[in-house]
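Student: Structure file start_33.cif, mmCIF, C-alpha atoms, is pasted below:
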```
data_protein
loop_
_atom_site.label_atom_id
_atom_site.label_comp_id
_atom_site.auth_asym_id
_atom_site.auth_seq_id
_atom_site.Cartn_x
_atom_site.Cartn_y
_atom_site.Cartn_z
CA MET L 871 -1.70 7.44 -14.08
CA LEU L 872 -2.42 4.88 -11.38
CA SER L 873 0.72 3.08 -10.22
CA VAL L 874 0.58 0.12 -7.85
CA GLN L 875 3.67 -1.64 -6.54
CA GLN L 876 3.38 -4.77 -4.39
CA LEU L 877 0.14 -3.64 -2.78
CA GLN L 878 -0.78 -5.99 0.05
CA ILE L 879 -3.48 -6.15 2.74
CA ASN L 880 -3.20 -8.38 5.80
CA GLY L 881 -6.00 -10.74 6.75
CA ARG L 882 -6.72 -12.65 9.94
CA ARG L 883 -4.95 -15.82 8.80
CA THR L 884 -3.83 -15.24 5.21
CA ASP L 885 -3.43 -12.14 3.10
CA LEU L 886 -6.72 -10.51 2.24
CA LEU L 887 -4.86 -9.15 -0.77
CA PRO L 888 -1.58 -10.83 -1.75
CA PRO L 889 1.13 -8.52 -3.14
CA THR L 890 -0.07 -7.14 -6.48
CA SER L 891 1.40 -4.69 -8.97
CA LEU L 892 -0.18 -2.91 -11.95
CA GLU L 893 -0.48 0.33 -13.87
CA ALA L 894 -3.55 2.05 -15.31
CA LYS L 895 -3.30 5.00 -17.66
CA ARG L 896 -5.92 7.55 -18.67
CA GLY L 897 -7.71 6.42 -21.80
CA GLU L 898 -7.11 2.77 -20.91
CA LEU L 899 -9.12 -0.13 -19.50
CA ILE L 900 -7.25 -2.73 -17.48
CA LEU L 901 -8.81 -5.99 -16.29
CA ILE L 902 -7.48 -7.61 -13.12
CA SER L 903 -8.42 -11.22 -12.55
CA GLY L 904 -8.71 -13.01 -9.23
CA GLU L 905 -10.64 -16.10 -8.16
CA GLY L 906 -11.84 -14.89 -4.75
CA GLN L 907 -14.49 -12.19 -4.38
CA ASP L 908 -12.89 -11.03 -1.11
CA GLN L 909 -9.59 -10.43 -2.87
CA ARG L 910 -11.22 -8.61 -5.77
CA THR L 911 -13.16 -6.36 -3.43
CA ALA L 912 -10.12 -5.67 -1.24
CA LEU L 913 -8.15 -4.63 -4.31
CA ALA L 914 -10.97 -2.41 -5.58
CA LEU L 915 -11.25 -0.72 -2.17
CA ALA L 916 -7.52 -0.13 -1.99
CA LEU L 917 -7.22 1.22 -5.54
CA SER L 918 -10.02 3.71 -4.92
CA GLY L 919 -8.56 4.90 -1.61
CA ARG L 920 -11.29 3.28 0.50
CA MET L 921 -9.00 0.82 2.32
CA LYS L 922 -5.51 1.43 3.64
CA PRO L 923 -3.01 -1.18 2.43
CA SER L 924 -0.72 -2.95 4.88
CA ASP L 925 2.26 -2.69 2.55
CA GLY L 926 3.23 -1.52 -0.92
CA ILE L 927 2.91 1.76 -2.82
CA LEU L 928 -0.24 3.22 -4.38
CA SER L 929 -0.05 6.49 -6.29
CA TRP L 930 -2.32 8.51 -8.58
CA ASP L 931 -0.71 11.22 -10.68
CA SER L 932 2.39 11.03 -8.47
CA THR L 933 0.50 11.53 -5.19
CA THR L 934 0.32 8.82 -2.55
CA LYS L 935 -2.09 10.65 -0.27
CA THR L 936 -5.11 8.45 0.34
CA LYS L 937 -7.54 11.38 0.52
CA ARG L 938 -6.45 12.72 -2.87
CA ILE L 939 -6.83 9.29 -4.43
CA ARG L 940 -10.26 8.82 -2.87
CA LEU L 941 -11.51 12.18 -4.18
CA ALA L 942 -10.29 11.44 -7.70
CA SER L 943 -11.75 7.93 -7.88
CA ALA L 944 -15.14 6.24 -7.88
CA LEU L 945 -15.84 2.73 -6.64
CA VAL L 946 -18.66 1.14 -8.63
CA ASP L 947 -21.00 -1.66 -7.54
CA SER L 948 -18.78 -3.28 -4.94
CA PRO L 949 -20.63 -6.23 -3.30
CA GLY L 950 -21.24 -5.70 0.38
CA VAL L 951 -19.85 -2.17 0.17
CA ASN L 952 -21.79 0.14 -2.15
CA GLU L 953 -23.82 -2.08 -4.44
CA PRO L 954 -27.39 -0.70 -4.62
CA GLU L 955 -30.03 -2.36 -2.50
CA GLN L 956 -32.36 -4.52 -4.56
CA HIS L 957 -35.54 -3.02 -3.12
CA LEU L 958 -34.66 0.48 -4.38
CA SER L 959 -36.21 1.88 -7.52
CA VAL L 960 -33.94 3.45 -10.12
CA ARG L 961 -35.48 6.85 -9.39
CA ASP L 962 -34.77 6.53 -5.65
CA LEU L 963 -31.22 5.35 -6.28
CA VAL L 964 -30.53 8.30 -8.54
CA THR L 965 -31.93 10.74 -5.98
CA GLU L 966 -29.83 9.17 -3.23
CA ASP L 967 -26.58 9.06 -5.21
CA LEU L 968 -26.88 12.58 -6.59
CA SER L 969 -27.32 13.89 -3.05
CA LEU L 970 -23.83 12.62 -2.27
CA ILE L 971 -22.18 14.70 -4.97
CA PRO L 972 -20.12 17.57 -3.50
CA ARG L 973 -22.31 20.61 -2.88
CA ARG L 974 -20.63 22.82 -5.48
CA TYR L 975 -21.97 20.52 -8.24
CA ARG L 976 -25.30 19.63 -6.69
CA GLY L 977 -27.43 22.55 -7.90
CA ALA L 978 -28.03 21.19 -11.42
CA LEU L 979 -28.22 17.53 -10.37
CA LEU L 980 -31.90 16.88 -9.73
CA SER L 981 -33.04 13.32 -10.35
CA LYS L 982 -35.80 13.98 -12.90
CA PRO L 983 -33.76 16.11 -15.33
CA TRP L 984 -30.71 13.87 -14.78
CA LEU L 985 -32.69 10.77 -15.77
CA LYS L 986 -33.90 12.54 -18.90
CA VAL L 987 -30.54 13.95 -19.97
CA ASN L 988 -28.82 10.60 -19.45
CA ARG L 989 -31.62 8.63 -21.13
CA PHE L 990 -32.74 6.53 -18.19
CA GLU L 991 -36.36 7.65 -18.15
CA ASP L 992 -37.47 4.28 -19.53
CA ILE L 993 -36.18 2.45 -16.42
CA ALA L 994 -36.88 5.12 -13.78
CA ASP L 995 -39.73 3.18 -12.15
CA LEU L 996 -38.07 -0.25 -12.25
CA TRP L 997 -36.50 -1.95 -9.24
CA ILE L 998 -32.73 -2.34 -9.31
CA GLU L 999 -33.11 -6.13 -9.38
CA GLN L 1000 -35.12 -5.86 -12.61
CA LEU L 1001 -32.32 -4.25 -14.57
CA PRO L 1002 -30.35 -6.31 -17.11
CA ALA L 1003 -26.62 -6.47 -16.39
CA GLY L 1004 -25.66 -4.06 -19.16
CA ARG L 1005 -28.26 -1.44 -18.26
CA ARG L 1006 -27.35 -1.70 -14.59
CA LEU L 1007 -23.70 -0.99 -15.36
CA GLU L 1008 -24.61 1.97 -17.59
CA LEU L 1009 -26.67 3.48 -14.78
CA LEU L 1010 -24.10 2.97 -12.01
CA THR L 1011 -21.14 4.24 -14.02
CA SER L 1012 -23.13 7.28 -15.16
CA LEU L 1013 -24.00 8.07 -11.55
CA ALA L 1014 -20.36 7.72 -10.53
CA LEU L 1015 -19.28 10.11 -13.26
CA ALA L 1016 -21.89 12.72 -12.27
CA ASP L 1017 -19.06 14.04 -10.09
CA PRO L 1018 -16.78 15.89 -12.52
CA ALA L 1019 -13.80 15.40 -10.20
CA ILE L 1020 -13.67 11.68 -10.98
CA ASP L 1021 -10.79 10.60 -13.21
CA LEU L 1022 -10.35 7.01 -12.00
CA LEU L 1023 -13.16 4.48 -12.25
CA VAL L 1024 -12.83 1.20 -10.31
CA VAL L 1025 -15.54 -1.36 -11.08
CA ASP L 1026 -15.79 -4.37 -8.78
CA SER L 1027 -16.64 -7.69 -10.46
CA PRO L 1028 -19.03 -6.60 -13.23
CA ASP L 1029 -18.97 -10.16 -14.56
CA ARG L 1030 -20.87 -11.45 -11.51
CA HIS L 1031 -24.11 -10.19 -13.07
CA SER L 1032 -23.57 -11.88 -16.42
CA ALA L 1033 -21.24 -14.53 -17.78
CA ASP L 1034 -21.41 -12.81 -21.18
CA PRO L 1035 -18.65 -10.17 -21.50
CA ALA L 1036 -20.81 -8.34 -24.03
CA ALA L 1037 -23.00 -7.22 -21.11
CA TRP L 1038 -20.23 -5.16 -19.49
CA LEU L 1039 -16.99 -5.04 -21.49
CA PRO L 1040 -18.09 -2.65 -24.30
CA ARG L 1041 -19.40 -0.11 -21.77
CA LEU L 1042 -16.08 -0.03 -19.91
CA GLN L 1043 -14.13 0.22 -23.15
CA ASP L 1044 -16.27 3.15 -24.29
CA LEU L 1045 -15.72 4.99 -21.01
CA ALA L 1046 -11.96 4.52 -21.18
CA SER L 1047 -11.71 5.66 -24.81
CA ASP L 1048 -13.93 8.74 -24.47
CA ALA L 1049 -11.76 11.54 -25.82
CA GLY L 1050 -13.96 14.16 -24.17
CA ARG L 1051 -13.23 12.79 -20.72
CA PRO L 1052 -10.23 10.47 -20.63
CA LEU L 1053 -10.54 8.11 -17.68
CA ALA L 1054 -8.40 5.40 -16.19
CA VAL L 1055 -10.79 2.45 -15.88
CA VAL L 1056 -9.99 -0.58 -13.74
CA ALA L 1057 -12.24 -3.63 -13.44
CA THR L 1058 -11.70 -6.67 -11.23
CA VAL L 1059 -13.05 -9.88 -12.76
CA SER L 1060 -13.11 -13.57 -11.91
CA ALA L 1061 -11.50 -14.46 -15.25
CA LEU L 1062 -10.35 -12.59 -18.34
CA PRO L 1063 -12.69 -12.86 -21.35
CA ASP L 1064 -11.33 -15.13 -24.07
CA GLU L 1065 -11.30 -12.31 -26.60
CA TRP L 1066 -9.55 -9.79 -24.33
CA ASP L 1067 -6.10 -8.76 -25.58
CA GLY L 1068 -5.79 -5.44 -23.75
CA PRO L 1069 -3.95 -4.56 -20.53
CA ALA L 1070 -4.40 -7.16 -17.80
CA ALA L 1071 -3.00 -8.23 -14.45
CA VAL L 1072 -3.54 -11.02 -11.93
CA ILE L 1073 -4.10 -10.57 -8.22
CA GLY L 1074 -1.02 -11.82 -6.38
CA ASN L 1075 1.34 -11.27 -9.32
CA SER L 1076 4.05 -9.89 -7.01
CA VAL L 1077 4.13 -12.81 -4.57
CA ALA L 1078 7.69 -14.08 -4.14
CA HIS L 1079 7.96 -17.84 -4.61
CA ALA L 1080 10.82 -19.62 -2.84
CA THR L 1081 12.91 -21.78 -5.20
CA GLU L 1082 14.08 -25.22 -4.09
CA ALA L 1083 17.86 -25.51 -3.72
CA GLU L 1084 19.50 -27.89 -6.20
CA PRO L 1085 21.31 -30.86 -4.58
CA ASP L 1086 25.09 -30.57 -4.17
CA PRO L 1087 26.73 -33.54 -5.96
CA ALA L 1088 29.60 -33.46 -3.42
CA GLU L 1089 27.22 -34.22 -0.55
CA PRO L 1090 25.74 -37.71 0.00
CA GLN L 1091 22.08 -37.82 -0.94
CA PRO L 1092 19.41 -39.23 1.39
CA GLU L 1093 18.83 -42.19 -0.96
CA ALA L 1094 22.54 -43.12 -0.95
CA GLU L 1095 22.77 -42.81 2.82
CA LEU L 1096 19.70 -44.98 3.27
CA ALA L 1097 21.10 -47.66 0.96
CA ALA L 1098 24.46 -47.67 2.76
CA SER L 1099 22.89 -47.99 6.20
CA THR L 1100 20.61 -50.79 5.01
CA GLU L 1101 23.53 -52.70 3.50
CA GLY L 1102 25.57 -52.45 6.68
CA ALA L 1103 22.68 -53.58 8.83
CA ALA L 1104 22.21 -56.68 6.67
CA VAL L 1105 25.83 -57.87 7.15
CA GLU L 1106 26.03 -57.66 10.92
CA PRO L 1107 23.14 -60.05 11.77
CA GLU L 1108 24.52 -62.67 9.34
CA SER L 1109 27.99 -62.65 11.00
CA ALA L 1110 26.53 -62.86 14.50
CA LEU L 1111 24.35 -65.81 13.51
CA THR L 1112 27.39 -67.76 12.12
CA GLU L 1113 29.38 -67.35 15.37
CA GLU L 1114 26.41 -68.50 17.46
CA HIS L 1115 26.01 -71.63 15.29
CA GLN L 1116 29.73 -72.49 15.70
CA GLU L 1117 29.47 -72.28 19.51
CA ASP L 1118 26.49 -74.68 19.48
CA GLN L 1119 28.51 -77.24 17.48
CA ASP L 1120 31.45 -77.04 19.95
CA LEU L 1121 29.12 -77.64 22.89
CA GLN L 1122 27.62 -80.71 21.19
CA ARG L 1123 31.08 -82.28 20.60
CA THR L 1124 32.04 -81.70 24.25
CA ALA L 1125 28.86 -83.37 25.46
CA LYS L 1126 29.61 -86.52 23.37
#
```
Reformat the file's structure so that it appears as structure tokens.

Tutor:
Amino acid sequence: MLSVQQLQINGRRTDLLPPTSLEAKRGELILISGEGQDQRTALALALSGRMKPSDGILSWDSTTKTKRIRLASALVDSPGVNEPEQHLSVRDLVTEDLSLIPRRYRGALLSKPWLKVNRFEDIADLWIEQLPAGRRLELLTSLALADPAIDLLVVDSPDRHSADPAAWLPRLQDLASDAGRPLAVVATVSALPDEWDGPAAVIGNSVAHATEAEPDPAEPQPEAELAASTEGAAVEPESALTEEHQEDQDLQRTAK
């Protein structure tokens, strides 16, 4: 299980990732919403062990060691990090990604048979930019899971390729519910789909908000003090003006 408690990453001026808490179990898909792409990517990097948090606790199966978490997780399609370059063909991408699989698994992972076994032969000669959102996600998640050591799948903003949840949500649900390989699947999204009623969290859900202190009835309030000072100031000028007028009248009588 992935357990996250008040995970936070400092930024230059504000938090790159405000304190966030969540849990993700094997066999479960959790969606985490956040408005900013930078925050979503920072969270995805931290959850997959690719970025060290500034504060908080991150654990996978009771271990907090970053290296262990990184080896057990796959980061999928993170913009500006590991999203595939648009000028690559599917065949070239597959060849490149399979070469990164640890050597002990690499012998059977040649691109041509892999494309055939995983039913991607029909798109092998297409450019990455030509792929529909759903087919793109199928390809990238399949490549991530070519490493049998992966138990945690972190997908960064799959909804940026399509506003229709049907293009990405069913695929992630199927991966999480696969009894043959139970995965913990986490996806960061800009907003939760209307029909989603499964596990969810919001970036920044552990931010402490200061509460305003209630006024003490025994202490004078600013409005009362202002009214009292205004009332007092209005009396003094009137009294001074009356005395000055009386002196003028006395001087006039003396002059007559």

Student: If the PyMOL selection byres ((chain L and resi 966) around 12) is run on the structure shown, which residues does it catch, given as a CSV table (one decimal) with C-alpha atoms, in the coordinates of the input?

Tutor:
```
chain,number,residue,atom,x,y,z
L,954,PRO,CA,-27.4,-0.7,-4.6
L,955,GLU,CA,-30.0,-2.4,-2.5
L,958,LEU,CA,-34.7,0.5,-4.4
L,959,SER,CA,-36.2,1.9,-7.5
L,960,VAL,CA,-33.9,3.4,-10.1
L,961,ARG,CA,-35.5,6.8,-9.4
L,962,ASP,CA,-34.8,6.5,-5.6
L,963,LEU,CA,-31.2,5.4,-6.3
L,964,VAL,CA,-30.5,8.3,-8.5
L,965,THR,CA,-31.9,10.7,-6.0
L,967,ASP,CA,-26.6,9.1,-5.2
L,968,LEU,CA,-26.9,12.6,-6.6
L,969,SER,CA,-27.3,13.9,-3.0
L,970,LEU,CA,-23.8,12.6,-2.3
L,971,ILE,CA,-22.2,14.7,-5.0
L,976,ARG,CA,-25.3,19.6,-6.7
L,979,LEU,CA,-28.2,17.5,-10.4
L,980,LEU,CA,-31.9,16.9,-9.7
L,981,SER,CA,-33.0,13.3,-10.4
L,1013,LEU,CA,-24.0,8.1,-11.6
```

Student: Between CA of Ala1036 (chain L) and CA of Gly1004 (chain L), what distance in Å does the model show, to one decimal?

Tutor: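 Atom-to-atom, CA of Ala1036 (chain L) to CA of Gly1004 (chain L), that is 8.1 Å.
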
Student: Give me, please, the distance in Å between CA of Asp1064 (chain L) and CA of Ser903 (chain L), quoted to one decimal.

Tutor: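 Interatomic distance, CA of Asp1064 (chain L) to CA of Ser903 (chain L): 12.5 Å.
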
Student: Give me the residues within 12 Å of Ala944 (chain L) as a short mmCIF file (atom, residue, chain, number, x, y, z; two decimals) with C-alpha atoms, in the frame of the given file, counting all atoms listed in the file and dropping any in the same chain fewer than 2 places off.

Tutor:
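Generated file (part_17.cif):
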```
data_model
loop_
_atom_site.label_atom_id
_atom_site.label_comp_id
_atom_site.auth_asym_id
_atom_site.auth_seq_id
_atom_site.Cartn_x
_atom_site.Cartn_y
_atom_site.Cartn_z
CA ALA L 914 -10.97 -2.41 -5.58
CA LEU L 915 -11.25 -0.72 -2.17
CA ALA L 916 -7.52 -0.13 -1.99
CA LEU L 917 -7.22 1.22 -5.54
CA SER L 918 -10.02 3.71 -4.92
CA GLY L 919 -8.56 4.90 -1.61
CA ARG L 920 -11.29 3.28 0.50
CA ARG L 938 -6.45 12.72 -2.87
CA ILE L 939 -6.83 9.29 -4.43
CA ARG L 940 -10.26 8.82 -2.87
CA LEU L 941 -11.51 12.18 -4.18
CA ALA L 942 -10.29 11.44 -7.70
CA VAL L 946 -18.66 1.14 -8.63
CA ASP L 947 -21.00 -1.66 -7.54
CA SER L 948 -18.78 -3.28 -4.94
CA ASN L 952 -21.79 0.14 -2.15
CA ILE L 971 -22.18 14.70 -4.97
CA LEU L 1010 -24.10 2.97 -12.01
CA THR L 1011 -21.14 4.24 -14.02
CA SER L 1012 -23.13 7.28 -15.16
CA LEU L 1013 -24.00 8.07 -11.55
CA ALA L 1014 -20.36 7.72 -10.53
CA LEU L 1015 -19.28 10.11 -13.26
CA ALA L 1016 -21.89 12.72 -12.27
CA ASP L 1017 -19.06 14.04 -10.09
CA PRO L 1018 -16.78 15.89 -12.52
CA ALA L 1019 -13.80 15.40 -10.20
CA ILE L 1020 -13.67 11.68 -10.98
CA ASP L 1021 -10.79 10.60 -13.21
CA LEU L 1022 -10.35 7.01 -12.00
CA LEU L 1023 -13.16 4.48 -12.25
CA VAL L 1024 -12.83 1.20 -10.31
CA VAL L 1025 -15.54 -1.36 -11.08
CA ASP L 1026 -15.79 -4.37 -8.78
CA LEU L 1053 -10.54 8.11 -17.68
CA ALA L 1054 -8.40 5.40 -16.19
CA VAL L 1055 -10.79 2.45 -15.88
CA VAL L 1056 -9.99 -0.58 -13.74
CA ALA L 1057 -12.24 -3.63 -13.44
#
```

Student: One number please: CA of Asp1029 (chain L) to CA of Val1059 (chain L), in Å, one decimal.

Tutor: 6.2 Å

Student: Quick one: apply the PyMOL selection byres ((chain L and resi 1049-1052) around 6) to the file and drop the selected residues here as a list of chain:residue names.

Tutor: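 When the PyMOL selection byres ((chain L and resi 1049-1052) around 6) is applied, the selected residues are L:Arg896, L:Gly897, L:Ser1047, L:Asp1048, L:Leu1053.
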
Student: Take region 881-892 of chain L, model all heavy atoms, and hand the result over as an mmCIF file, keeping the file's coordinate frame.

Tutor:
```cif
data_model
loop_
_atom_site.group_PDB
_atom_site.id
_atom_site.type_symbol
_atom_site.label_atom_id
_atom_site.label_comp_id
_atom_site.auth_asym_id
_atom_site.auth_seq_id
_atom_site.Cartn_x
_atom_site.Cartn_y
_atom_site.Cartn_z
ATOM 1 N N GLY L 881 -4.752 -10.164 6.306
ATOM 2 C CA GLY L 881 -6.000 -10.740 6.750
ATOM 3 C C GLY L 881 -5.812 -11.381 8.113
ATOM 4 O O GLY L 881 -4.738 -11.286 8.715
ATOM 5 N N ARG L 882 -6.821 -12.037 8.611
ATOM 6 C CA ARG L 882 -6.720 -12.650 9.940
ATOM 7 C C ARG L 882 -5.773 -13.841 9.929
ATOM 8 O O ARG L 882 -4.983 -14.028 10.852
ATOM 9 C CB ARG L 882 -8.107 -13.103 10.411
ATOM 10 C CG ARG L 882 -9.074 -11.946 10.621
ATOM 11 C CD ARG L 882 -10.392 -12.424 11.209
ATOM 12 N NE ARG L 882 -10.243 -12.943 12.550
ATOM 13 C CZ ARG L 882 -11.249 -13.414 13.285
ATOM 14 N NH1 ARG L 882 -12.481 -13.407 12.793
ATOM 15 N NH2 ARG L 882 -11.036 -13.874 14.494
ATOM 16 N N ARG L 883 -5.831 -14.665 8.888
ATOM 17 C CA ARG L 883 -4.950 -15.820 8.800
ATOM 18 C C ARG L 883 -4.044 -15.743 7.569
ATOM 19 O O ARG L 883 -2.855 -16.024 7.648
ATOM 20 C CB ARG L 883 -5.772 -17.116 8.764
ATOM 21 C CG ARG L 883 -6.488 -17.419 10.079
ATOM 22 C CD ARG L 883 -7.139 -18.797 10.047
ATOM 23 N NE ARG L 883 -7.743 -19.142 11.322
ATOM 24 C CZ ARG L 883 -8.965 -18.811 11.689
ATOM 25 N NH1 ARG L 883 -9.724 -18.090 10.859
ATOM 26 N NH2 ARG L 883 -9.442 -19.159 12.871
ATOM 27 N N THR L 884 -4.607 -15.400 6.441
ATOM 28 C CA THR L 884 -3.830 -15.240 5.210
ATOM 29 C C THR L 884 -4.055 -13.828 4.678
ATOM 30 O O THR L 884 -4.914 -13.093 5.168
ATOM 31 C CB THR L 884 -4.264 -16.273 4.154
ATOM 32 O OG1 THR L 884 -5.662 -16.084 3.867
ATOM 33 C CG2 THR L 884 -4.051 -17.691 4.664
ATOM 34 N N ASP L 885 -3.288 -13.477 3.682
ATOM 35 C CA ASP L 885 -3.430 -12.140 3.100
ATOM 36 C C ASP L 885 -4.819 -11.957 2.505
ATOM 37 O O ASP L 885 -5.286 -12.790 1.727
ATOM 38 C CB ASP L 885 -2.387 -11.939 1.992
ATOM 39 C CG ASP L 885 -0.983 -11.751 2.542
ATOM 40 O OD1 ASP L 885 -0.868 -11.421 3.734
ATOM 41 O OD2 ASP L 885 -0.018 -11.927 1.782
ATOM 42 N N LEU L 886 -5.465 -10.860 2.880
ATOM 43 C CA LEU L 886 -6.720 -10.510 2.240
ATOM 44 C C LEU L 886 -6.452 -10.120 0.794
ATOM 45 O O LEU L 886 -7.234 -10.434 -0.105
ATOM 46 C CB LEU L 886 -7.377 -9.341 2.990
ATOM 47 C CG LEU L 886 -8.744 -8.877 2.492
ATOM 48 C CD1 LEU L 886 -9.751 -10.024 2.505
ATOM 49 C CD2 LEU L 886 -9.255 -7.717 3.345
ATOM 50 N N LEU L 887 -5.328 -9.454 0.583
ATOM 51 C CA LEU L 887 -4.860 -9.150 -0.770
ATOM 52 C C LEU L 887 -3.385 -9.486 -0.841
ATOM 53 O O LEU L 887 -2.562 -8.827 -0.213
ATOM 54 C CB LEU L 887 -5.075 -7.659 -1.099
ATOM 55 C CG LEU L 887 -4.506 -7.197 -2.445
ATOM 56 C CD1 LEU L 887 -5.261 -7.843 -3.601
ATOM 57 C CD2 LEU L 887 -4.540 -5.682 -2.561
ATOM 58 N N PRO L 888 -2.999 -10.525 -1.590
ATOM 59 C CA PRO L 888 -1.580 -10.830 -1.750
ATOM 60 C C PRO L 888 -0.896 -9.753 -2.582
ATOM 61 O O PRO L 888 -1.561 -9.040 -3.345
ATOM 62 C CB PRO L 888 -1.594 -12.185 -2.479
ATOM 63 C CG PRO L 888 -2.918 -12.250 -3.156
ATOM 64 C CD PRO L 888 -3.869 -11.484 -2.292
ATOM 65 N N PRO L 889 0.413 -9.594 -2.436
ATOM 66 C CA PRO L 889 1.130 -8.520 -3.140
ATOM 67 C C PRO L 889 0.803 -8.482 -4.640
ATOM 68 O O PRO L 889 0.932 -9.483 -5.346
ATOM 69 C CB PRO L 889 2.597 -8.865 -2.892
ATOM 70 C CG PRO L 889 2.583 -9.571 -1.579
ATOM 71 C CD PRO L 889 1.314 -10.383 -1.583
ATOM 72 N N THR L 890 0.385 -7.313 -5.095
ATOM 73 C CA THR L 890 -0.070 -7.140 -6.480
ATOM 74 C C THR L 890 0.466 -5.833 -7.039
ATOM 75 O O THR L 890 0.490 -4.819 -6.351
ATOM 76 C CB THR L 890 -1.622 -7.126 -6.523
ATOM 77 O OG1 THR L 890 -2.120 -8.348 -5.971
ATOM 78 C CG2 THR L 890 -2.122 -6.971 -7.946
ATOM 79 N N SER L 891 0.881 -5.872 -8.290
ATOM 80 C CA SER L 891 1.400 -4.690 -8.970
ATOM 81 C C SER L 891 0.693 -4.488 -10.297
ATOM 82 O O SER L 891 0.346 -5.463 -10.973
ATOM 83 C CB SER L 891 2.912 -4.816 -9.210
ATOM 84 O OG SER L 891 3.619 -4.974 -7.994
ATOM 85 N N LEU L 892 0.468 -3.221 -10.673
ATOM 86 C CA LEU L 892 -0.180 -2.910 -11.950
ATOM 87 C C LEU L 892 -0.057 -1.431 -12.240
ATOM 88 O O LEU L 892 0.335 -0.646 -11.384
ATOM 89 C CB LEU L 892 -1.661 -3.317 -11.908
ATOM 90 C CG LEU L 892 -2.527 -2.636 -10.836
ATOM 91 C CD1 LEU L 892 -3.377 -1.535 -11.462
ATOM 92 C CD2 LEU L 892 -3.426 -3.663 -10.146
#
```
